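Coordinates from query36.pdb are shown below (PDB, C-alpha atoms).
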```pdb
ATOM      1  CA  MET A  21      53.473 -43.378 113.007
ATOM      2  CA  THR A  22      54.898 -40.150 114.356
ATOM      3  CA  ILE A  23      55.414 -36.874 112.549
ATOM      4  CA  GLY A  24      57.683 -33.970 113.367
ATOM      5  CA  VAL A  25      58.496 -30.554 111.970
ATOM      6  CA  ALA A  26      61.738 -28.742 111.144
ATOM      7  CA  LEU A  27      61.830 -25.190 112.469
ATOM      8  CA  SER A  28      64.044 -22.260 111.549
ATOM      9  CA  THR A  29      64.479 -18.847 113.109
ATOM     10  CA  SER A  30      63.231 -15.515 111.834
ATOM     11  CA  ASP A  31      65.632 -12.803 110.657
ATOM     12  CA  GLU A  32      63.574 -10.155 112.453
ATOM     13  CA  GLY A  33      62.768  -9.479 116.094
ATOM     14  CA  ASN A  34      64.158 -12.026 118.544
ATOM     15  CA  ALA A  35      65.080 -15.286 116.833
ATOM     16  CA  VAL A  36      64.702 -17.426 119.956
ATOM     17  CA  ASP A  37      61.353 -15.963 120.963
ATOM     18  CA  ASP A  38      60.091 -16.486 117.423
ATOM     19  CA  VAL A  39      61.089 -20.133 117.231
ATOM     20  CA  VAL A  40      59.506 -20.832 120.624
ATOM     21  CA  ARG A  41      56.292 -19.312 119.262
ATOM     22  CA  GLN A  42      56.528 -21.494 116.165
ATOM     23  CA  ALA A  43      57.101 -24.576 118.309
ATOM     24  CA  THR A  44      54.051 -23.764 120.417
ATOM     25  CA  VAL A  45      51.922 -23.541 117.272
ATOM     26  CA  ALA A  46      53.426 -26.773 115.937
ATOM     27  CA  ALA A  47      52.629 -28.616 119.162
ATOM     28  CA  SER A  48      49.064 -27.328 119.081
ATOM     29  CA  ALA A  49      48.750 -28.542 115.473
ATOM     30  CA  GLY A  50      49.627 -32.059 116.616
ATOM     31  CA  PHE A  51      53.303 -32.549 115.774
ATOM     32  CA  ASP A  52      55.289 -34.898 117.981
ATOM     33  CA  SER A  53      58.741 -33.364 117.599
ATOM     34  CA  ALA A  54      60.647 -30.263 116.496
ATOM     35  CA  TRP A  55      64.031 -30.352 114.771
ATOM     36  CA  PHE A  56      66.762 -27.763 114.262
ATOM     37  CA  GLY A  57      69.480 -27.733 111.626
ATOM     38  CA  GLN A  58      72.886 -26.413 112.593
ATOM     39  CA  ARG A  59      73.779 -23.133 110.920
ATOM     40  CA  PHE A  60      76.522 -20.553 111.266
ATOM     41  CA  ASP A  61      74.340 -18.229 113.337
ATOM     42  CA  TYR A  62      72.348 -20.013 116.052
ATOM     43  CA  ASP A  63      73.468 -23.124 117.899
ATOM     44  CA  ALA A  64      71.079 -26.002 117.182
ATOM     45  CA  ILE A  65      71.626 -27.941 120.421
ATOM     46  CA  THR A  66      71.055 -24.859 122.559
ATOM     47  CA  LEU A  67      67.960 -23.885 120.591
ATOM     48  CA  ALA A  68      66.553 -27.397 120.921
ATOM     49  CA  GLY A  69      67.072 -27.213 124.668
ATOM     50  CA  ILE A  70      65.243 -23.918 124.980
ATOM     51  CA  VAL A  71      62.308 -25.097 122.877
ATOM     52  CA  GLY A  72      62.153 -28.417 124.673
ATOM     53  CA  ARG A  73      62.033 -26.644 128.021
ATOM     54  CA  GLU A  74      59.442 -24.091 126.901
ATOM     55  CA  VAL A  75      57.205 -26.498 124.936
ATOM     56  CA  PRO A  76      57.091 -29.751 126.926
ATOM     57  CA  ALA A  77      54.664 -31.428 124.512
ATOM     58  CA  LEU A  78      57.434 -31.762 121.917
ATOM     59  CA  LYS A  79      60.435 -33.979 121.624
ATOM     60  CA  VAL A  80      63.354 -32.028 120.148
ATOM     61  CA  GLY A  81      66.385 -32.883 118.060
ATOM     62  CA  THR A  82      69.181 -31.596 115.846
ATOM     63  CA  SER A  83      69.195 -32.297 112.125
ATOM     64  CA  ALA A  84      72.096 -32.183 112.167
ATOM     65  CA  VAL A  85      75.321 -30.992 113.850
ATOM     66  CA  PRO A  86      78.396 -31.453 111.604
ATOM     67  CA  ILE A  87      81.198 -33.386 113.283
ATOM     68  CA  PHE A  88      84.132 -31.574 111.659
ATOM     69  CA  ALA A  89      85.747 -28.963 113.940
ATOM     70  CA  ARG A  90      83.754 -30.365 116.897
ATOM     71  CA  HIS A  91      84.935 -32.713 119.623
ATOM     72  CA  PRO A  92      82.567 -35.369 120.987
ATOM     73  CA  LEU A  93      83.410 -34.445 124.592
ATOM     74  CA  LEU A  94      82.034 -30.953 124.040
ATOM     75  CA  VAL A  95      79.092 -31.990 121.854
ATOM     76  CA  VAL A  96      77.970 -34.717 124.255
ATOM     77  CA  SER A  97      78.350 -32.316 127.178
ATOM     78  CA  GLN A  98      75.933 -29.953 125.436
ATOM     79  CA  ALA A  99      73.618 -32.808 124.484
ATOM     80  CA  GLN A 100      73.448 -34.309 127.961
ATOM     81  CA  THR A 101      72.749 -30.907 129.463
ATOM     82  CA  VAL A 102      69.825 -30.477 127.064
ATOM     83  CA  GLN A 103      68.685 -34.038 127.720
ATOM     84  CA  ALA A 104      68.424 -33.240 131.425
ATOM     85  CA  ALA A 105      66.742 -29.899 130.736
ATOM     86  CA  THR A 106      64.070 -31.564 128.576
ATOM     87  CA  GLN A 107      63.492 -34.557 130.839
ATOM     88  CA  GLY A 108      64.807 -37.011 128.267
ATOM     89  CA  ARG A 109      63.130 -35.563 125.155
ATOM     90  CA  PHE A 110      66.285 -34.634 123.208
ATOM     91  CA  GLN A 111      67.909 -36.573 120.367
ATOM     92  CA  LEU A 112      71.320 -35.752 118.948
ATOM     93  CA  GLY A 113      71.548 -35.743 115.160
ATOM     94  CA  LEU A 114      75.043 -35.615 113.673
ATOM     95  CA  ALA A 115      76.181 -34.891 110.116
ATOM     96  CA  LEU A 116      79.306 -35.447 108.067
ATOM     97  CA  GLY A 117      78.913 -31.995 106.503
ATOM     98  CA  ALA A 118      79.598 -30.775 102.975
ATOM     99  CA  PRO A 119      83.283 -30.552 101.953
ATOM    100  CA  ASP A 120      83.111 -27.019 100.540
ATOM    101  CA  LEU A 121      81.374 -25.593 103.607
ATOM    102  CA  VAL A 122      83.604 -27.409 106.091
ATOM    103  CA  GLU A 123      86.865 -26.403 104.458
ATOM    104  CA  ARG A 124      85.889 -22.784 103.784
ATOM    105  CA  ALA A 125      84.394 -22.184 107.219
ATOM    106  CA  PHE A 126      86.836 -23.997 109.490
ATOM    107  CA  GLY A 127      90.030 -24.237 107.477
ATOM    108  CA  VAL A 128      90.266 -27.989 108.013
ATOM    109  CA  THR A 129      90.674 -30.705 105.428
ATOM    110  CA  TYR A 130      87.548 -32.722 104.710
ATOM    111  CA  SER A 131      88.998 -36.225 104.759
ATOM    112  CA  LYS A 132      87.697 -39.686 105.671
ATOM    113  CA  PRO A 133      84.327 -38.435 106.961
ATOM    114  CA  VAL A 134      82.892 -41.909 107.555
ATOM    115  CA  ASP A 135      85.937 -43.048 109.522
ATOM    116  CA  ARG A 136      85.662 -39.867 111.528
ATOM    117  CA  VAL A 137      81.962 -40.362 112.272
ATOM    118  CA  ARG A 138      82.684 -43.920 113.401
ATOM    119  CA  GLU A 139      85.123 -42.592 115.978
ATOM    120  CA  PHE A 140      82.737 -39.824 116.976
ATOM    121  CA  LEU A 141      79.882 -42.288 117.558
ATOM    122  CA  THR A 142      82.124 -44.685 119.459
ATOM    123  CA  VAL A 143      83.246 -41.953 121.825
ATOM    124  CA  ALA A 144      79.772 -40.446 122.172
ATOM    125  CA  ARG A 145      78.235 -43.832 122.998
ATOM    126  CA  SER A 146      80.854 -44.481 125.657
ATOM    127  CA  LEU A 147      80.388 -41.042 127.219
ATOM    128  CA  VAL A 148      76.614 -41.407 127.364
ATOM    129  CA  GLU A 149      76.479 -44.985 128.616
ATOM    130  CA  THR A 150      79.491 -45.151 130.924
ATOM    131  CA  GLY A 151      80.241 -41.548 131.864
ATOM    132  CA  THR A 152      83.737 -41.658 130.447
ATOM    133  CA  ALA A 153      85.838 -42.701 127.448
ATOM    134  CA  ASP A 154      89.332 -43.941 126.719
ATOM    135  CA  HIS A 155      89.670 -43.545 122.981
ATOM    136  CA  HIS A 156      92.889 -42.855 121.090
ATOM    137  CA  GLY A 157      92.054 -43.007 117.401
ATOM    138  CA  GLU A 158      93.245 -41.625 114.101
ATOM    139  CA  PHE A 159      91.100 -38.498 114.419
ATOM    140  CA  ILE A 160      89.878 -38.283 118.000
ATOM    141  CA  THR A 161      91.476 -38.604 121.391
ATOM    142  CA  ALA A 162      88.984 -38.675 124.244
ATOM    143  CA  ALA A 163      90.191 -39.573 127.733
ATOM    144  CA  PRO A 164      88.489 -37.216 130.190
ATOM    145  CA  PRO A 165      90.176 -37.137 133.620
ATOM    146  CA  LEU A 166      86.839 -36.484 135.353
ATOM    147  CA  PRO A 167      83.332 -37.993 134.970
ATOM    148  CA  THR A 168      81.223 -36.695 132.094
ATOM    149  CA  THR A 169      77.779 -37.684 133.358
ATOM    150  CA  VAL A 170      75.114 -34.973 133.717
ATOM    151  CA  ALA A 171      72.661 -35.812 136.494
ATOM    152  CA  GLY A 172      69.190 -36.284 135.074
ATOM    153  CA  ALA A 173      70.370 -36.945 131.511
ATOM    154  CA  GLY A 174      70.188 -40.727 131.763
ATOM    155  CA  THR A 175      72.131 -43.149 129.603
ATOM    156  CA  ASP A 176      69.901 -43.473 126.537
ATOM    157  CA  LEU A 177      70.513 -40.289 124.539
ATOM    158  CA  PRO A 178      69.588 -41.222 120.925
ATOM    159  CA  LEU A 179      72.494 -40.839 118.512
ATOM    160  CA  LEU A 180      71.375 -40.212 114.922
ATOM    161  CA  VAL A 181      73.302 -39.598 111.697
ATOM    162  CA  ALA A 182      72.323 -37.729 108.530
ATOM    163  CA  ALA A 183      73.512 -40.683 106.446
ATOM    164  CA  MET A 184      72.599 -41.625 102.863
ATOM    165  CA  GLY A 185      75.751 -43.016 101.244
ATOM    166  CA  PRO A 186      76.626 -46.726 101.510
ATOM    167  CA  ARG A 187      79.560 -46.386 103.907
ATOM    168  CA  ALA A 188      77.772 -43.871 106.133
ATOM    169  CA  LEU A 189      74.704 -46.109 106.223
ATOM    170  CA  ARG A 190      76.850 -49.065 107.228
ATOM    171  CA  ALA A 191      78.460 -47.078 110.048
ATOM    172  CA  SER A 192      75.073 -45.816 111.207
ATOM    173  CA  GLY A 193      73.525 -49.269 111.200
ATOM    174  CA  GLU A 194      76.398 -50.598 113.271
ATOM    175  CA  LEU A 195      76.803 -47.706 115.714
ATOM    176  CA  ALA A 196      73.887 -45.230 115.693
ATOM    177  CA  ASP A 197      70.247 -45.377 116.759
ATOM    178  CA  GLY A 198      68.855 -43.974 113.543
ATOM    179  CA  ILE A 199      69.377 -41.976 110.372
ATOM    180  CA  LEU A 200      68.069 -38.634 109.096
ATOM    181  CA  PRO A 201      67.778 -38.837 105.280
ATOM    182  CA  PHE A 202      66.764 -35.678 103.390
ATOM    183  CA  LEU A 203      65.864 -35.514  99.692
ATOM    184  CA  ALA A 204      65.858 -39.303  99.603
ATOM    185  CA  GLY A 205      62.505 -40.085  98.009
ATOM    186  CA  PRO A 206      60.335 -43.150  98.642
ATOM    187  CA  ARG A 207      61.960 -45.200  95.887
ATOM    188  CA  VAL A 208      65.454 -44.615  97.260
ATOM    189  CA  LEU A 209      64.339 -45.345 100.809
ATOM    190  CA  ASP A 210      62.631 -48.572  99.820
ATOM    191  CA  THR A 211      65.229 -50.016  97.478
ATOM    192  CA  SER A 212      68.486 -48.660  98.879
ATOM    193  CA  ILE A 213      68.670 -46.735 102.142
ATOM    194  CA  VAL A 214      66.432 -48.772 104.461
ATOM    195  CA  PRO A 215      67.771 -52.173 103.335
ATOM    196  CA  GLN A 216      71.385 -51.046 103.612
ATOM    197  CA  VAL A 217      71.168 -49.541 107.085
ATOM    198  CA  ASN A 218      69.160 -52.396 108.526
ATOM    199  CA  ARG A 219      71.407 -55.001 106.943
ATOM    200  CA  ALA A 220      74.324 -53.336 108.706
ATOM    201  CA  ALA A 221      72.411 -53.248 111.987
ATOM    202  CA  SER A 222      71.531 -56.916 111.680
ATOM    203  CA  GLY A 223      75.117 -57.817 110.882
ATOM    204  CA  ALA A 224      76.195 -56.057 114.073
ATOM    205  CA  GLY A 225      73.610 -57.963 116.107
ATOM    206  CA  ARG A 226      71.423 -54.906 116.551
ATOM    207  CA  LYS A 227      67.737 -54.295 115.962
ATOM    208  CA  PRO A 228      66.592 -52.169 112.980
ATOM    209  CA  VAL A 229      67.393 -48.501 113.419
ATOM    210  CA  ARG A 230      65.014 -45.568 113.179
ATOM    211  CA  VAL A 231      64.612 -44.015 109.730
ATOM    212  CA  ILE A 232      63.531 -40.398 110.204
ATOM    213  CA  ALA A 233      62.787 -39.056 106.727
ATOM    214  CA  PHE A 234      62.821 -35.294 106.200
ATOM    215  CA  VAL A 235      60.172 -34.387 103.616
ATOM    216  CA  ALA A 236      59.686 -30.912 102.142
ATOM    217  CA  ALA A 237      55.965 -30.113 101.951
ATOM    218  CA  LEU A 238      53.605 -27.209 101.258
ATOM    219  CA  VAL A 239      49.810 -27.300 101.441
ATOM    220  CA  THR A 240      48.524 -24.604  99.107
ATOM    221  CA  ASP A 241      45.936 -23.940  96.409
ATOM    222  CA  ASP A 242      48.526 -21.969  94.450
ATOM    223  CA  VAL A 243      50.611 -24.876  93.206
ATOM    224  CA  ASP A 244      52.503 -22.742  90.688
ATOM    225  CA  ALA A 245      53.665 -20.349  93.419
ATOM    226  CA  GLY A 246      54.633 -23.269  95.613
ATOM    227  CA  ARG A 247      56.625 -24.884  92.827
ATOM    228  CA  ALA A 248      58.392 -21.602  92.038
ATOM    229  CA  ALA A 249      59.298 -21.089  95.699
ATOM    230  CA  ALA A 250      60.595 -24.651  95.882
ATOM    231  CA  GLU A 251      62.797 -24.124  92.824
ATOM    232  CA  ASP A 252      64.324 -21.003  94.387
ATOM    233  CA  ALA A 253      64.901 -22.552  97.795
ATOM    234  CA  MET A 254      66.079 -26.012  96.813
ATOM    235  CA  SER A 255      68.562 -25.176  94.046
ATOM    236  CA  PHE A 256      71.262 -24.957  96.721
ATOM    237  CA  TYR A 257      71.090 -28.733  97.186
ATOM    238  CA  ASP A 258      71.517 -29.425  93.481
ATOM    239  CA  ALA A 259      75.184 -28.434  93.792
ATOM    240  CA  ILE A 260      75.976 -30.868  96.646
ATOM    241  CA  PRO A 261      77.117 -34.300  95.404
ATOM    242  CA  SER A 262      75.510 -36.354  98.182
ATOM    243  CA  TYR A 263      72.120 -34.820  97.409
ATOM    244  CA  GLN A 264      72.665 -34.971  93.649
ATOM    245  CA  ARG A 265      73.131 -38.724  93.924
ATOM    246  CA  VAL A 266      69.944 -39.524  95.865
ATOM    247  CA  VAL A 267      67.884 -37.115  93.762
ATOM    248  CA  ALA A 268      69.057 -38.849  90.590
ATOM    249  CA  GLU A 269      68.410 -42.284  92.096
ATOM    250  CA  GLU A 270      64.812 -41.238  92.718
ATOM    251  CA  GLY A 271      64.461 -40.622  88.987
ATOM    252  CA  VAL A 272      64.173 -36.832  89.042
ATOM    253  CA  GLU A 273      66.564 -34.101  87.950
ATOM    254  CA  ARG A 274      66.280 -31.449  90.652
ATOM    255  CA  ALA A 275      65.745 -31.399  94.405
ATOM    256  CA  ALA A 276      62.695 -29.150  93.999
ATOM    257  CA  GLU A 277      60.838 -31.967  92.247
ATOM    258  CA  LEU A 278      60.765 -33.863  95.550
ATOM    259  CA  VAL A 279      58.865 -31.103  97.355
ATOM    260  CA  LEU A 280      55.249 -32.120  98.002
ATOM    261  CA  VAL A 281      53.039 -29.226  96.866
ATOM    262  CA  GLY A 282      49.254 -29.232  96.642
ATOM    263  CA  SER A 283      46.120 -29.987  98.614
ATOM    264  CA  ALA A 284      46.169 -31.493 102.083
ATOM    265  CA  ALA A 285      45.034 -34.817 100.639
ATOM    266  CA  ASP A 286      47.804 -34.807  98.024
ATOM    267  CA  VAL A 287      50.506 -33.910 100.520
ATOM    268  CA  LYS A 288      49.331 -36.442 103.099
ATOM    269  CA  ALA A 289      49.292 -39.133 100.413
ATOM    270  CA  GLY A 290      52.844 -38.174  99.468
ATOM    271  CA  ILE A 291      53.967 -38.413 103.088
ATOM    272  CA  GLN A 292      52.325 -41.824 103.420
ATOM    273  CA  ARG A 293      54.550 -43.084 100.611
ATOM    274  CA  TYR A 294      57.573 -42.434 102.831
ATOM    275  CA  TYR A 295      56.095 -44.515 105.625
ATOM    276  CA  ASP A 296      55.267 -47.252 103.137
ATOM    277  CA  ALA A 297      58.885 -47.163 101.951
ATOM    278  CA  GLY A 298      60.208 -47.887 105.441
ATOM    279  CA  ALA A 299      60.417 -44.534 107.220
ATOM    280  CA  THR A 300      59.630 -44.995 110.903
ATOM    281  CA  GLU A 301      59.066 -41.247 111.285
ATOM    282  CA  VAL A 302      58.599 -38.265 108.975
ATOM    283  CA  VAL A 303      59.695 -34.689 109.637
ATOM    284  CA  VAL A 304      58.038 -31.989 107.545
ATOM    285  CA  THR A 305      60.470 -29.335 106.377
ATOM    286  CA  GLN A 306      60.555 -26.288 104.060
ATOM    287  CA  SER A 307      56.912 -25.571 104.951
ATOM    288  CA  GLY A 308      57.585 -21.839 105.277
ATOM    289  CA  LEU A 309      58.507 -21.228 101.642
ATOM    290  CA  LEU A 310      55.329 -19.226 101.016
ATOM    291  CA  GLY A 311      55.362 -17.399 104.325
ATOM    292  CA  PRO A 312      54.169 -18.008 107.888
ATOM    293  CA  ARG A 313      50.459 -18.197 107.046
ATOM    294  CA  THR A 314      50.944 -21.023 104.541
ATOM    295  CA  GLN A 315      53.344 -22.684 106.962
ATOM    296  CA  GLU A 316      50.750 -22.801 109.727
ATOM    297  CA  ASP A 317      48.049 -23.895 107.283
ATOM    298  CA  THR A 318      50.339 -26.720 106.181
ATOM    299  CA  TRP A 319      50.942 -27.775 109.762
ATOM    300  CA  ALA A 320      47.245 -27.745 110.625
ATOM    301  CA  ALA A 321      46.407 -29.786 107.531
ATOM    302  CA  ILE A 322      48.890 -32.627 107.915
ATOM    303  CA  ALA A 323      49.988 -33.003 111.556
ATOM    304  CA  ARG A 324      46.972 -34.984 112.710
TER     305      ARG A 324
END
```

Using the file provided, produce a representation of the structure as C-alpha cells.
Amino acid sequence: MTIGVALSTSDEGNAVDDVVRQATVAASAGFDSAWFGQRFDYDAITLAGIVGREVPALKVGTSAVPIFARHPLLVVSQAQTVQAATQGRFQLGLALGAPDLVERAFGVTYSKPVDRVREFLTVARSLVETGTADHHGEFITAAPPLPTTVAGAGTDLPLLVAAMGPRALRASGELADGILPFLAGPRVLDTSIVPQVNRAASGAGRKPVRVIAFVAALVTDDVDAGRAAAEDAMSFYDAIPSYQRVVAEEGVERAAELVLVGSAADVKAGIQRYYDAGATEVVVTQSGLLGPRTQEDTWAAIAR
C-alpha cells in the first residue's frame, strides 16, 4: 500500500519555495507521492515538475487538470517535459471540470464532457506512446507536423482521470491508467466505483486500473475545532452535483462528514477502510485546515 499527500501553496512569501518546503517535510514523514490540484493561479503541471526535481524521493502528479479550454498537444508537451525532468516520476491527472467554473472562466460551453475526455485520452495516449497523433474528432483535431517526443520522458506516462460518474468510469476503465476519486467514501468505492471501472477495463481487455482515493484527514485532539474547520472548507463541494451524488450515496448529507478527524489511530483506521474498499493508493488531503503545525503532525502520524 502506498500513501501520498495533496499539497497547496501559501498565500504569503514565495508560493513555490513554500510548497517545495512542504514537499520536503512530507517526504521526510514517509509519503510516497505529492499531488497538486489545478487552480486559477499556479500551474499544477509546472509545480509538480519543480517539486519532483527538488524532492527526488517523491513521485508527483496532478489532481487534476481540467480538459476544457486545453488541447492535448499542449498538455502532453508539458507533461512529457516534467516526466523527463523528474526521471519518470510524474503522473498526469485529468478532470472533466465543473460546468459553472468552466463556463464562467473560459467562456466555453460545457457539453459532452465524457465524449471529450475520451478524445483527449485517445490523443494523449497516441502522443505518449508513438510520438505523434492523427486524430480528427468531434472536439479535438490533433495532427502535429513534427514529432512530439521529449527525450528522456519515455513512453509510459500514467494517464489518470478524476472520474466518479458511470460514463466517466467506463471511459477511464477503457482508456486511462487509473482514477482519482475524491469524496467517494469506502461504501461508494466498494459497491459502485471500483466494480464499474474495473468491469470496463476487463471488457476492453485491460488489467484493473489504479484507484487513487483522495481522503481528507486531520489528526488532532481538538475534534470540535477540526469538525468546524471541515464544515467551513468543504461546504464548497456541497454545491457541485458530481460531489453531491457520491456524498449522498455514502449515506451522509454533507462533504464535511467524510473528513477523518481524531486521533492517529482513528484516522489510520479510517484510511484503512479505503484500502479495504478497493483503493490501490490513498492521498491525504485537506490536512492543513487547522494550520501548518497540525498539518505536519497529521503527516508524521499517518504516513508510515

Selection: 9 Å around segment 309-313 of chain A, all atoms listed in the file, excl. self and same-chain fewer than 3 positions, as a ChimeraX atom specification: /A:238,240,245-246,249-250,253,306,316-318

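Interatomic distance, atom CA of Gln315 of chain A to atom CA of Asp241 of chain A: 13.0 Å.
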
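Within the 9 Å cut-off around Ser222 of chain A, using only C-alpha atoms and omitting residues fewer than 5 positions from it on the same chain, the listed residues are Gly193, Glu194, Val217, Lys227 and Pro228 of chain A.
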
Given the PyMOL selection byres ((chain A and resi 126) around 12) and the file above, list the residues it selects as a VMD selection string. chain A and resid 60 86 to 90 117 to 125 127 to 130

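The residues returned by the PyMOL selection byres ((chain A and resi 72) around 10) on the shown structure are Val40, Ala43, Ser53, Ala54, Thr66, Leu67, Ala68, Gly69, Ile70, Val71, Arg73, Glu74, Val75, Pro76, Ala77, Leu78, Lys79, Val80, Gly81, Val102, Gln103, Ala105, Thr106, Gln107, Gly108, Arg109 and Phe110 of chain A.
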
Quick one: which segment 74-126 of chain A residues come within 9 Å of segment 143-163 of chain A, and what is the nearest atom pair for each with the distance in Å to one decimal, counting all atoms listed in the file, rows ordered by chain and ascending number, as a Markdown table?
```
| residue | atom | partner | partner_atom | distance |
| --- | --- | --- | --- | --- |
| A:His91 | CA | A:Ile160 | CA | 7.6 |
| A:Pro92 | CA | A:Ala144 | CA | 5.9 |
| A:Leu93 | CA | A:Ala162 | CA | 7.0 |
| A:Val95 | CA | A:Ala144 | CA | 8.5 |
| A:Val96 | CA | A:Ala144 | CA | 6.4 |
| A:Ser97 | CA | A:Leu147 | CA | 9.0 |
| A:Gln100 | CA | A:Val148 | CA | 7.8 |
```

Selected residues, C-alpha atoms, written as a short mmCIF file (atom, residue, chain, number, x, y, z; two decimals), in the frame of the given file, please.
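Output below, filename result_5.cif:
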```cif
data_model
loop_
_atom_site.label_atom_id
_atom_site.label_comp_id
_atom_site.auth_asym_id
_atom_site.auth_seq_id
_atom_site.Cartn_x
_atom_site.Cartn_y
_atom_site.Cartn_z
CA HIS A 91 84.94 -32.71 119.62
CA PRO A 92 82.57 -35.37 120.99
CA LEU A 93 83.41 -34.44 124.59
CA VAL A 95 79.09 -31.99 121.85
CA VAL A 96 77.97 -34.72 124.26
CA SER A 97 78.35 -32.32 127.18
CA GLN A 100 73.45 -34.31 127.96
#
```

All residues 6 Å or closer to Leu179 of chain A, only C-alpha atoms, same chain fewer than 2 positions away omitted, as JSON, numbers by chain: {"A": [112, 196, 197]}

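The gap separating atom CA of Asp242 of chain A from atom CA of Val287 of chain A is 13.5 Å, in Å to one decimal.
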
Write out as AutoDock Vina command-line options an axis-aligned box for segment 245-251 of chain A: all of its atoms listed in the file, 6 Å added on each side, centre and edge lengths in Å with one decimal.
```
--center_x 58.2 --center_y -22.6 --center_z 94.0 --size_x 21.1 --size_y 16.5 --size_z 15.8
```

Evaluate the PyMOL selection byres ((chain A and resi 293) around 12) on the structure here and hand back the selected residues as a short mmCIF file (atom, residue, chain, number, x, y, z; two decimals) with C-alpha atoms, in the frame of the given file.
```cif
data_model
loop_
_atom_site.label_atom_id
_atom_site.label_comp_id
_atom_site.auth_asym_id
_atom_site.auth_seq_id
_atom_site.Cartn_x
_atom_site.Cartn_y
_atom_site.Cartn_z
CA ALA A 204 65.86 -39.30 99.60
CA GLY A 205 62.50 -40.08 98.01
CA PRO A 206 60.34 -43.15 98.64
CA ARG A 207 61.96 -45.20 95.89
CA VAL A 208 65.45 -44.62 97.26
CA LEU A 209 64.34 -45.34 100.81
CA ASP A 210 62.63 -48.57 99.82
CA ALA A 233 62.79 -39.06 106.73
CA VAL A 235 60.17 -34.39 103.62
CA LEU A 280 55.25 -32.12 98.00
CA ASP A 286 47.80 -34.81 98.02
CA VAL A 287 50.51 -33.91 100.52
CA LYS A 288 49.33 -36.44 103.10
CA ALA A 289 49.29 -39.13 100.41
CA GLY A 290 52.84 -38.17 99.47
CA ILE A 291 53.97 -38.41 103.09
CA GLN A 292 52.32 -41.82 103.42
CA TYR A 294 57.57 -42.43 102.83
CA TYR A 295 56.10 -44.52 105.62
CA ASP A 296 55.27 -47.25 103.14
CA ALA A 297 58.88 -47.16 101.95
CA GLY A 298 60.21 -47.89 105.44
CA ALA A 299 60.42 -44.53 107.22
CA THR A 300 59.63 -45.00 110.90
CA GLU A 301 59.07 -41.25 111.28
CA VAL A 302 58.60 -38.26 108.98
#
```

Distance atom CA of Leu180 of chain A-atom CA of Val134 of chain A, one decimal place? 13.8 Å

Find the spatial neighbours of Gly198 of chain A, counting only C-alpha atoms, within a cut-off of 7 Å - ignore same-chain residues fewer than 3 positions away - and output them as a PyMOL selection string. chain A and resi 179-181+192+229-231

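Residue nearest Gly172 of chain A within the list A:Pro215, A:Glu251, A:Ala49, A:Ala104: A:Ala104 [criterion: smallest interatomic distance, all atoms listed in the file].
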
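Between Ala236 of chain A and the residues A:Ala276, A:Ile322, A:Leu195, A:Ala220, the shortest atom-to-atom distance, using only C-alpha atoms, involves A:Ala276.
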